[in-house]
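Raw model-v7.cif, mmCIF, C-alpha atoms and all ligand atoms:
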data_target
#
loop_
_atom_site.label_atom_id
_atom_site.label_comp_id
_atom_site.auth_asym_id
_atom_site.auth_seq_id
_atom_site.Cartn_x
_atom_site.Cartn_y
_atom_site.Cartn_z
CA MET A 1 14.37 11.05 -3.79
CA THR A 2 13.24 8.30 -6.12
CA VAL A 3 10.75 5.51 -5.52
CA SER A 4 10.56 1.90 -6.70
CA ILE A 5 7.60 -0.36 -5.98
CA ILE A 6 7.58 -4.15 -6.24
CA GLY A 7 4.29 -5.98 -6.17
CA SER A 8 1.49 -7.75 -7.97
CA ILE A 9 0.09 -6.42 -11.22
CA ALA A 10 -3.27 -8.02 -11.61
CA PHE A 11 -6.61 -8.56 -13.16
CA ASP A 12 -9.20 -8.19 -10.41
CA THR A 13 -12.73 -9.57 -10.50
CA ILE A 14 -14.72 -7.79 -7.82
CA LYS A 15 -18.23 -7.79 -6.39
CA SER A 16 -19.39 -5.21 -3.89
CA PRO A 17 -22.88 -4.26 -2.69
CA VAL A 18 -22.94 -1.46 -5.27
CA GLY A 19 -21.63 -3.22 -8.37
CA SER A 20 -19.18 -5.60 -9.92
CA GLY A 21 -16.40 -5.73 -12.47
CA GLU A 22 -14.42 -8.44 -14.24
CA ARG A 23 -10.71 -8.53 -15.00
CA LEU A 24 -10.21 -4.88 -14.04
CA LEU A 25 -6.69 -3.50 -13.89
CA GLY A 26 -5.47 -3.98 -10.32
CA GLY A 27 -2.69 -5.40 -8.21
CA ALA A 28 -0.74 -4.00 -5.32
CA ALA A 29 2.05 -2.44 -7.41
CA THR A 30 -0.49 -0.92 -9.77
CA TYR A 31 -2.50 0.87 -7.06
CA ALA A 32 0.63 1.87 -5.15
CA GLY A 33 2.37 3.07 -8.32
CA VAL A 34 -0.56 5.20 -9.43
CA ALA A 35 -0.87 6.71 -5.93
CA ALA A 36 2.88 7.44 -5.72
CA SER A 37 2.82 8.99 -9.19
CA ILE A 38 0.70 11.86 -7.85
CA PHE A 39 3.87 13.04 -6.08
CA THR A 40 6.89 11.80 -7.98
CA PRO A 41 8.06 9.73 -10.96
CA VAL A 42 7.99 6.11 -9.86
CA SER A 43 9.13 2.69 -11.08
CA ILE A 44 7.05 -0.45 -10.72
CA ILE A 45 8.51 -3.95 -10.76
CA GLY A 46 6.39 -7.00 -11.45
CA VAL A 47 5.25 -9.51 -14.04
CA VAL A 48 2.29 -9.80 -16.41
CA GLY A 49 1.21 -12.47 -18.87
CA GLN A 50 0.55 -12.52 -22.61
CA ASP A 51 -3.07 -11.54 -21.93
CA PHE A 52 -2.13 -8.13 -20.42
CA PRO A 53 -3.26 -5.43 -22.86
CA GLU A 54 -0.74 -2.94 -24.19
CA GLU A 55 -3.14 -0.10 -23.30
CA HIS A 56 -2.34 -0.66 -19.61
CA PHE A 57 1.34 -0.03 -20.35
CA ASP A 58 0.28 3.15 -22.19
CA PHE A 59 -1.61 4.16 -19.07
CA PHE A 60 1.49 3.63 -16.90
CA LYS A 61 3.48 5.78 -19.30
CA SER A 62 0.84 8.52 -19.16
CA ARG A 63 1.30 8.63 -15.36
CA ASN A 64 5.10 8.88 -15.55
CA ILE A 65 5.36 5.32 -14.19
CA ASP A 66 8.52 3.55 -15.39
CA ALA A 67 7.46 -0.03 -16.17
CA SER A 68 10.78 -1.11 -17.70
CA SER A 69 11.18 -3.71 -14.93
CA VAL A 70 7.75 -5.20 -15.58
CA GLU A 71 8.36 -8.50 -17.32
CA ARG A 72 5.95 -9.88 -19.88
CA SER A 73 6.09 -13.62 -19.36
CA SER A 74 4.45 -16.49 -21.23
CA GLY A 75 1.32 -17.52 -19.36
CA LYS A 76 -1.52 -15.65 -17.74
CA THR A 77 -1.52 -12.51 -15.61
CA PHE A 78 -2.10 -12.91 -11.87
CA HIS A 79 -5.85 -12.91 -11.20
CA TRP A 80 -7.57 -12.13 -7.91
CA GLU A 81 -11.30 -12.52 -7.34
CA GLY A 82 -12.98 -11.20 -4.23
CA PHE A 83 -16.11 -9.69 -2.79
CA TYR A 84 -17.15 -7.23 -0.10
CA GLU A 85 -20.32 -7.11 1.97
CA GLY A 86 -21.85 -5.17 4.87
CA ASP A 87 -19.50 -2.42 6.00
CA MET A 88 -17.03 -3.52 3.27
CA ASN A 89 -14.20 -3.39 5.81
CA GLN A 90 -12.93 -6.82 4.81
CA ALA A 91 -12.10 -8.34 1.44
CA HIS A 92 -13.25 -11.95 1.04
CA THR A 93 -11.07 -13.83 -1.42
CA VAL A 94 -12.88 -16.17 -3.81
CA LYS A 95 -9.89 -17.14 -5.95
CA THR A 96 -6.20 -16.31 -6.14
CA GLU A 97 -4.65 -17.48 -9.43
CA LEU A 98 -0.93 -16.76 -9.09
CA ASN A 99 -0.22 -17.73 -12.75
CA VAL A 100 2.94 -15.89 -13.93
CA LEU A 101 3.74 -14.87 -10.34
CA MET A 102 4.74 -18.46 -9.55
CA GLU A 103 7.94 -18.42 -11.60
CA PHE A 104 8.70 -14.72 -11.33
CA GLU A 105 12.33 -13.71 -10.77
CA PRO A 106 12.47 -9.91 -10.43
CA LYS A 107 15.18 -8.16 -12.41
CA ILE A 108 15.67 -4.50 -11.51
CA GLN A 109 17.03 -2.33 -14.33
CA ASP A 110 20.39 -0.75 -13.58
CA HIS A 111 19.01 2.80 -13.67
CA GLN A 112 16.59 1.90 -10.85
CA LYS A 113 19.09 0.27 -8.49
CA ASP A 114 20.04 3.53 -6.76
CA HIS A 115 16.46 4.49 -5.95
CA ASN A 116 16.35 5.51 -2.32
CA ILE A 117 12.79 4.63 -1.32
CA VAL A 118 11.74 1.03 -1.95
CA TYR A 119 8.21 -0.12 -1.26
CA LEU A 120 7.71 -3.88 -1.19
CA ALA A 121 4.00 -4.02 -1.95
CA ASN A 122 1.97 -7.19 -1.58
CA ILE A 123 3.53 -10.17 -3.39
CA ASP A 124 5.31 -13.40 -2.38
CA PRO A 125 7.79 -12.46 0.42
CA VAL A 126 10.57 -14.37 -1.37
CA ILE A 127 10.06 -12.17 -4.44
CA GLN A 128 10.04 -9.09 -2.18
CA ARG A 129 13.45 -10.12 -0.81
CA LYS A 130 14.93 -11.00 -4.20
CA ALA A 131 13.95 -7.57 -5.45
CA LEU A 132 15.19 -5.72 -2.37
CA GLN A 133 18.62 -7.38 -2.60
CA GLN A 134 19.19 -5.73 -5.98
CA PHE A 135 18.95 -2.15 -4.70
CA ARG A 136 22.35 -0.72 -3.81
CA ASN A 137 21.67 1.35 -0.74
CA PRO A 138 18.02 2.32 -0.17
CA GLU A 139 17.44 4.89 2.57
CA LEU A 140 13.94 3.73 3.38
CA VAL A 141 12.28 0.35 2.81
CA LEU A 142 8.56 -0.06 3.41
CA MET A 143 6.57 -3.23 3.12
CA ASP A 144 3.04 -4.63 3.02
CA THR A 145 1.74 -8.20 3.02
CA MET A 146 -1.57 -10.02 3.44
CA ASN A 147 -3.20 -13.01 5.13
CA PHE A 148 -2.50 -15.23 2.07
CA TRP A 149 1.29 -14.96 2.71
CA ILE A 150 1.00 -15.02 6.52
CA ASP A 151 -0.85 -18.35 6.16
CA SER A 152 1.31 -19.89 3.45
CA LYS A 153 4.86 -18.50 3.90
CA LEU A 154 5.25 -17.29 7.47
CA ASP A 155 9.00 -18.06 7.85
CA ASP A 156 9.86 -16.37 4.55
CA LEU A 157 7.65 -13.46 5.47
CA LYS A 158 9.40 -12.97 8.83
CA GLU A 159 12.77 -13.03 7.06
CA THR A 160 11.61 -10.22 4.75
CA ILE A 161 10.04 -8.23 7.61
CA LYS A 162 13.43 -8.34 9.39
CA GLN A 163 14.97 -6.39 6.50
CA VAL A 164 12.55 -3.46 6.27
CA ASP A 165 12.20 -0.12 8.10
CA VAL A 166 8.42 0.17 8.03
CA LEU A 167 5.69 -2.47 7.99
CA ILE A 168 2.25 -1.36 6.80
CA ILE A 169 -0.51 -3.93 7.35
CA ASN A 170 -4.18 -4.00 8.25
CA ASP A 171 -5.62 -4.83 11.66
CA GLN A 172 -6.61 -8.41 10.79
CA GLU A 173 -3.16 -9.10 9.36
CA ALA A 174 -1.50 -7.68 12.49
CA ARG A 175 -3.57 -10.05 14.62
CA LEU A 176 -2.83 -13.02 12.37
CA LEU A 177 0.89 -12.24 12.24
CA THR A 178 1.33 -11.90 16.01
CA GLY A 179 -1.46 -14.14 17.34
CA ILE A 180 -2.50 -11.18 19.54
CA ASP A 181 -6.00 -9.71 19.35
CA ASN A 182 -5.25 -6.41 21.05
CA LEU A 183 -3.53 -4.15 18.53
CA ILE A 184 -1.77 -2.04 21.18
CA LYS A 185 -0.17 -5.25 22.47
CA ALA A 186 0.57 -6.46 18.94
CA LEU A 187 2.48 -3.30 17.92
CA PRO A 188 5.62 -3.85 20.08
CA GLU A 189 5.63 -7.52 19.05
CA ILE A 190 5.86 -6.42 15.41
CA ILE A 191 8.71 -4.03 16.29
CA LYS A 192 10.53 -7.05 17.77
CA LEU A 193 10.39 -8.68 14.31
CA GLY A 194 12.70 -5.96 12.95
CA PRO A 195 10.97 -2.83 11.57
CA LYS A 196 11.48 0.52 13.30
CA ARG A 197 7.95 1.64 12.57
CA VAL A 198 4.55 -0.04 12.10
CA ILE A 199 1.46 1.44 10.49
CA ILE A 200 -1.77 -0.47 11.01
CA LYS A 201 -4.69 0.29 8.69
CA LYS A 202 -8.11 -0.05 10.26
CA GLY A 203 -10.43 0.67 7.33
CA GLU A 204 -13.20 3.07 8.29
CA HIS A 205 -11.51 3.50 11.70
CA GLY A 206 -8.39 5.09 10.24
CA ALA A 207 -4.78 4.16 10.94
CA ILE A 208 -2.42 3.92 13.87
CA MET A 209 1.33 4.43 13.62
CA TYR A 210 3.84 3.27 16.23
CA ASN A 211 7.59 3.99 16.28
CA GLY A 212 8.48 1.79 19.24
CA LYS A 213 7.74 4.62 21.70
CA THR A 214 4.85 6.83 20.62
CA TYR A 215 1.57 6.49 18.75
CA PHE A 216 -0.04 8.58 16.08
CA MET A 217 -3.74 8.08 15.38
CA CYS A 218 -5.26 9.24 12.12
CA PRO A 219 -9.01 8.97 11.52
CA ALA A 220 -10.32 7.87 8.15
CA TYR A 221 -11.75 10.59 5.93
CA PRO A 222 -15.52 10.37 6.60
CA LEU A 223 -17.29 8.86 3.60
CA GLU A 224 -20.92 7.93 3.15
CA ASN A 225 -20.59 5.96 -0.04
CA LEU A 226 -17.98 3.40 -0.98
CA ALA A 227 -17.93 1.60 -4.31
CA ASP A 228 -14.97 -0.78 -4.13
CA PRO A 229 -12.39 -0.86 -1.32
CA THR A 230 -9.88 -2.83 -3.42
CA GLY A 231 -6.52 -1.10 -3.45
CA ALA A 232 -7.25 1.14 -0.46
CA GLY A 233 -4.27 -0.26 1.43
CA ASP A 234 -1.99 -0.24 -1.59
CA SER A 235 -2.79 3.33 -2.54
CA PHE A 236 -2.42 4.39 1.13
CA ALA A 237 1.10 2.93 1.24
CA GLY A 238 2.04 4.07 -2.28
CA ALA A 239 1.02 7.61 -1.38
CA ILE A 240 3.15 7.46 1.78
CA ALA A 241 6.19 6.31 -0.22
CA GLY A 242 5.59 8.92 -2.94
CA TYR A 243 4.96 11.77 -0.53
CA LEU A 244 8.03 10.95 1.59
CA ALA A 245 10.16 11.24 -1.54
CA HIS A 246 9.67 15.00 -1.17
CA SER A 247 10.64 15.22 2.51
CA GLU A 248 14.05 16.63 3.30
CA THR A 249 14.24 14.57 6.45
CA ILE A 250 12.21 11.43 6.98
CA ASP A 251 11.31 11.89 10.63
CA ASP A 252 8.21 11.46 12.80
CA GLU A 253 6.62 14.67 11.53
CA ALA A 254 7.13 13.68 7.90
CA PHE A 255 5.58 10.29 8.58
CA LYS A 256 2.57 11.87 10.30
CA ARG A 257 1.94 14.09 7.29
CA ALA A 258 2.44 11.11 5.00
CA VAL A 259 -0.11 9.01 6.91
CA ILE A 260 -2.69 11.81 6.57
CA ILE A 261 -1.93 12.09 2.85
CA GLY A 262 -2.18 8.28 2.47
CA THR A 263 -5.54 8.35 4.22
CA LEU A 264 -6.84 11.00 1.83
CA VAL A 265 -5.57 9.20 -1.25
CA SER A 266 -7.19 5.91 -0.21
CA SER A 267 -10.48 7.74 0.41
CA PHE A 268 -10.52 8.46 -3.33
CA THR A 269 -9.60 4.89 -4.30
CA VAL A 270 -12.59 3.38 -2.50
CA GLN A 271 -15.12 5.68 -4.14
CA GLY A 272 -14.69 4.07 -7.55
CA PHE A 273 -14.13 0.65 -9.07
CA SER A 274 -10.58 -0.29 -9.99
CA LEU A 275 -8.50 2.89 -10.48
CA ASP A 276 -11.42 5.02 -11.71
CA ARG A 277 -11.44 7.60 -8.89
CA LEU A 278 -7.79 7.37 -7.89
CA LYS A 279 -6.85 8.35 -11.46
CA THR A 280 -8.70 11.66 -11.11
CA LEU A 281 -6.81 12.79 -8.02
CA ASN A 282 -4.11 15.46 -8.18
CA TRP A 283 -2.02 17.46 -5.71
CA ASP A 284 -4.37 20.51 -5.71
CA MET A 285 -7.32 18.35 -4.69
CA LEU A 286 -5.22 16.75 -1.97
CA GLU A 287 -4.09 20.08 -0.56
CA ALA A 288 -7.73 21.12 -0.19
CA LYS A 289 -8.65 17.80 1.48
CA TYR A 290 -5.64 18.15 3.81
CA GLU A 291 -7.02 21.48 5.05
CA GLU A 292 -10.34 19.78 5.73
CA MET A 293 -8.64 16.88 7.57
CA LYS A 294 -6.86 19.30 9.92
CA GLY A 295 -10.26 20.00 11.44
CA PHE A 296 -10.76 16.29 12.21
CA ILE A 297 -7.33 15.65 13.68
CA GLY A 298 -5.69 17.04 16.79
CA LEU A 299 -7.06 19.54 19.21
CA PRO A 300 -7.73 23.15 18.21
CA GLU A 301 -6.21 25.78 20.53
CA SER A 302 -9.54 26.28 22.33
CA LEU A 303 -9.63 22.62 23.46
CA ARG A 304 -5.98 22.19 24.38
CA LYS A 305 -6.51 23.12 28.04
CA LEU A 306 -9.22 21.77 30.29
CA PRO A 307 -10.99 24.48 32.30
CA VAL A 308 -10.53 24.07 36.06
CA LEU A 309 -13.50 22.29 37.61
P1 LIG B 401 -5.74 -3.98 -0.94
O1 LIG B 401 -5.06 -2.64 -1.01
O2 LIG B 401 -5.34 -4.72 0.29
O3 LIG B 401 -7.20 -3.89 -1.17
O4 LIG B 401 -5.11 -4.84 -2.16
C1 LIG B 401 -5.86 -5.25 -3.26
C2 LIG B 401 -4.97 -5.75 -4.37
O5 LIG B 401 -4.17 -6.83 -3.91
C3 LIG B 401 -5.79 -6.29 -5.53
O6 LIG B 401 -5.68 -5.42 -6.64
C4 LIG B 401 -5.25 -7.68 -5.81
O7 LIG B 401 -4.92 -7.89 -7.15
C5 LIG B 401 -4.00 -7.77 -4.95
N1 LIG B 401 -3.85 -9.10 -4.32
C6 LIG B 401 -4.82 -9.91 -3.85
N2 LIG B 401 -4.29 -11.06 -3.35
C7 LIG B 401 -2.94 -10.96 -3.53
C8 LIG B 401 -1.82 -11.80 -3.22
N3 LIG B 401 -1.98 -12.99 -2.63
N4 LIG B 401 -0.58 -11.37 -3.54
C9 LIG B 401 -0.40 -10.17 -4.12
N5 LIG B 401 -1.41 -9.32 -4.44
C10 LIG B 401 -2.67 -9.70 -4.15
#
Take the structure in this file and express it as structure tokens.
Amino acid sequence: MTVSIIGSIAFDTIKSPVGSGERLLGGAATYAGVAASIFTPVSIIGVVGQDFPEEHFDFFKSRNIDASSVERSSGKTFHWEGFYEGDMNQAHTVKTELNVLMEFEPKIQDHQKDHNIVYLANIDPVIQRKALQQFRNPELVLMDTMNFWIDSKLDDLKETIKQVDVLIINDQEARLLTGIDNLIKALPEIIKLGPKRVIIKKGEHGAIMYNGKTYFMCPAYPLENLADPTGAGDSFAGAIAGYLAHSETIDDEAFKRAVIIGTLVSSFTVQGFSLDRLKTLNWDMLEAKYEEMKGFIGLPESLRKLPVL
């Protein structure tokens, strides 16, 4: 199966307790695309400005990322500035300069229109919809969003959510979207908006997946040191989309494996600034980490049955 990802391509200016960086390569489609490219060739769709260096396009090419639907527009590249503090579980936005994103009309190249997995990464929900409409018959559509769009474009966002199979958001966004603090109560409310499946990311507390009937809980990979959590959510979702491209059937089991894989990929993202650590990750490293994760998840045979008291 083939994967297309629509989303922001950005310059990120970031401060965290362990360092800072200015105008680093970032954006939701960038992180998701690089994560998905560990598993499969992938296309990214987005827009950049005149200030976007050619070397970033060279980097996409080196990762087998098809950027032929990335438009270079007159104006400046989208720029996000944020900081993290304390447990770094939440990004605080300082500035969001939409720049070229404001006028962006996505145009999917013909050779990408039959791609069967489409991931609508974080970007204006109207752009997400305009892109989705151009795919002929995708088998699986996943989507992310963030508080910025929940606050500014709620009706448009709900219209887009209606059209997707899987919504992947973080705990704060789930609360903001539904107005419900308790996540277990919020999950069925999100299902009522349209998607068949919801995956809620909870930072250091892992992720919870709900298919309308059953839950799957995945702990985060235990990490002592984080450098920059930017892109954790995007690389989590991009890895899920990329990994699922290899599944013969996209069922509950495949999704469970994909969520574990997404968790492992994002654990690499957060250990470096920008894409520094994510770039170093390959399938062999992931296979080894997956073995390790098995020990943290589920009950070993010896604990499956309670002894009689
Ligand atoms: P996350 O995976 O949630 O940490 O996503 C971080 C990425 O989202 C950064 O690289 C930003 O460039 C990008 N971003 C921040 N704000 C927005 C926004 N309003 N729309 C689209 N992308 C954004």
Neighbours of range 252-264 of chain A within 8 Å (all atoms listed in the file; same-chain residues fewer than 3 positions away dropped), as a tab-separated table (two decimals) with C-alpha atoms, in the coordinates of the input?
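out-v9.tsv, freshly written:
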chain	number	residue	atom	x	y	z
A	206	GLY	CA	-8.39	5.09	10.24
A	207	ALA	CA	-4.78	4.16	10.94
A	216	PHE	CA	-0.04	8.58	16.08
A	218	CYS	CA	-5.26	9.24	12.12
A	220	ALA	CA	-10.32	7.87	8.15
A	221	TYR	CA	-11.75	10.59	5.93
A	235	SER	CA	-2.79	3.33	-2.54
A	236	PHE	CA	-2.42	4.39	1.13
A	237	ALA	CA	1.10	2.93	1.24
A	238	GLY	CA	2.04	4.07	-2.28
A	239	ALA	CA	1.02	7.61	-1.38
A	240	ILE	CA	3.15	7.46	1.78
A	243	TYR	CA	4.96	11.77	-0.53
A	244	LEU	CA	8.03	10.95	1.59
A	247	SER	CA	10.64	15.22	2.51
A	249	THR	CA	14.24	14.57	6.45
A	267	SER	CA	-10.48	7.74	0.41
A	268	PHE	CA	-10.52	8.46	-3.33
A	286	LEU	CA	-5.22	16.75	-1.97
A	289	LYS	CA	-8.65	17.80	1.48
A	290	TYR	CA	-5.64	18.15	3.81
A	293	MET	CA	-8.64	16.88	7.57
*Selection within 9 Å of ligand LIG 401 (chain B) by all atoms listed in the file, output as number ranges by chain*: A: 7-13, 24-32, 78-82, 90-91, 93, 95-98, 101, 121-124, 144-149, 169-170, 228-237, 266, 274
Exercise. Pick out the closest residue to Gly19 in chain A from this set: A:Glu173, A:Leu183, A:Val164, A:Tyr84. Count only C-alpha atoms.
Key: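 Checking each candidate against Gly19 in chain A, we get A:Tyr84 as the closest.
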- Please identify all polymer residues within 6 Å of range 198-202 of chain A, counting all atoms listed in the file, omitting same-chain residues fewer than 6 positions from it, and present them as number ranges by chain. A: 166-171, 208-210
Identify, on the basis of all atoms listed in the file, every residue whose closest approach to Ala241 in chain A does not exceed 8 Å; exclude the query and any residue fewer than 4 positions from it along the same chain; express the result as a ChimeraX atom specification. /A:3,36,117-119,142,237,245
Ile150 in chain A surroundings by all atoms listed in the file, 9 Å radius, close-in-sequence under 5 positions cut, as a ChimeraX atom specification: /A:145,155,157-158,173,176-177
Env of range 46-50 of chain A: 9 Å cut, atoms = all atoms listed in the file, seq-sep filter 3 positions within chain, self excluded. Answer as a list of chain:residue names.
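Counting only the stated atoms, we get A:Ile5, A:Ile6, A:Gly7, A:Ser8, A:Ile9, A:Ala10, A:Ala29, A:Pro53, A:Ala67, A:Ser69, A:Val70, A:Glu71, A:Arg72, A:Ser73, A:Ser74, A:Gly75, A:Lys76, A:Thr77, A:Phe78, A:Asn99, A:Val100, A:Leu101, A:Phe104, A:Glu105, A:Pro106, A:Lys107.
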Could the residues in this selection be written to a file with C-alpha atoms, as a short mmCIF file (atom, residue, chain, number, x, y, z; two decimals), keeping the file's coordinate frame?
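Everything below was put into part_10.cif:
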data_model
loop_
_atom_site.label_atom_id
_atom_site.label_comp_id
_atom_site.auth_asym_id
_atom_site.auth_seq_id
_atom_site.Cartn_x
_atom_site.Cartn_y
_atom_site.Cartn_z
CA ILE A 5 7.60 -0.36 -5.98
CA ILE A 6 7.58 -4.15 -6.24
CA GLY A 7 4.29 -5.98 -6.17
CA SER A 8 1.49 -7.75 -7.97
CA ILE A 9 0.09 -6.42 -11.22
CA ALA A 10 -3.27 -8.02 -11.61
CA ALA A 29 2.05 -2.44 -7.41
CA PRO A 53 -3.26 -5.43 -22.86
CA ALA A 67 7.46 -0.03 -16.17
CA SER A 69 11.18 -3.71 -14.93
CA VAL A 70 7.75 -5.20 -15.58
CA GLU A 71 8.36 -8.50 -17.32
CA ARG A 72 5.95 -9.88 -19.88
CA SER A 73 6.09 -13.62 -19.36
CA SER A 74 4.45 -16.49 -21.23
CA GLY A 75 1.32 -17.52 -19.36
CA LYS A 76 -1.52 -15.65 -17.74
CA THR A 77 -1.52 -12.51 -15.61
CA PHE A 78 -2.10 -12.91 -11.87
CA ASN A 99 -0.22 -17.73 -12.75
CA VAL A 100 2.94 -15.89 -13.93
CA LEU A 101 3.74 -14.87 -10.34
CA PHE A 104 8.70 -14.72 -11.33
CA GLU A 105 12.33 -13.71 -10.77
CA PRO A 106 12.47 -9.91 -10.43
CA LYS A 107 15.18 -8.16 -12.41
#
Q.
With distances taken over only C-alpha atoms, which residue among A:Glu189, A:Ile38, A:Lys196, A:Phe83 lies nearest His246 in chain A?
A.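 That would be A:Ile38, the residue with the smallest distance to His246 in chain A.
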Have range 78-90 of chain A completed to N, CA and C atoms, please, and pass it along as a short mmCIF file (atom, residue, chain, number, x, y, z; two decimals), in the frame of the given file.
data_model
loop_
_atom_site.label_atom_id
_atom_site.label_comp_id
_atom_site.auth_asym_id
_atom_site.auth_seq_id
_atom_site.Cartn_x
_atom_site.Cartn_y
_atom_site.Cartn_z
N PHE A 78 -1.53 -12.65 -13.20
CA PHE A 78 -2.10 -12.91 -11.87
C PHE A 78 -3.56 -12.43 -11.83
N HIS A 79 -4.43 -13.26 -11.25
CA HIS A 79 -5.85 -12.91 -11.20
C HIS A 79 -6.38 -13.10 -9.78
N TRP A 80 -6.97 -12.04 -9.24
CA TRP A 80 -7.57 -12.13 -7.91
C TRP A 80 -9.06 -11.86 -8.03
N GLU A 81 -9.84 -12.75 -7.36
CA GLU A 81 -11.30 -12.52 -7.34
C GLU A 81 -11.75 -12.40 -5.89
N GLY A 82 -12.52 -11.38 -5.61
CA GLY A 82 -12.98 -11.20 -4.23
C GLY A 82 -14.29 -10.45 -4.18
N PHE A 83 -14.87 -10.45 -2.95
CA PHE A 83 -16.11 -9.69 -2.79
C PHE A 83 -16.11 -8.98 -1.44
N TYR A 84 -16.98 -8.00 -1.34
CA TYR A 84 -17.15 -7.23 -0.10
C TYR A 84 -18.63 -7.24 0.25
N GLU A 85 -18.92 -7.22 1.56
CA GLU A 85 -20.32 -7.11 1.97
C GLU A 85 -20.41 -6.25 3.23
N GLY A 86 -21.63 -5.94 3.63
CA GLY A 86 -21.85 -5.17 4.87
C GLY A 86 -21.08 -3.86 4.87
N ASP A 87 -20.25 -3.68 5.90
CA ASP A 87 -19.50 -2.42 6.00
C ASP A 87 -18.31 -2.36 5.03
N MET A 88 -18.10 -3.43 4.29
CA MET A 88 -17.03 -3.52 3.27
C MET A 88 -15.64 -3.36 3.87
N ASN A 89 -15.52 -3.58 5.18
CA ASN A 89 -14.20 -3.39 5.81
C ASN A 89 -13.25 -4.54 5.51
N GLN A 90 -13.80 -5.67 5.06
CA GLN A 90 -12.93 -6.82 4.81
C GLN A 90 -13.13 -7.39 3.41
#
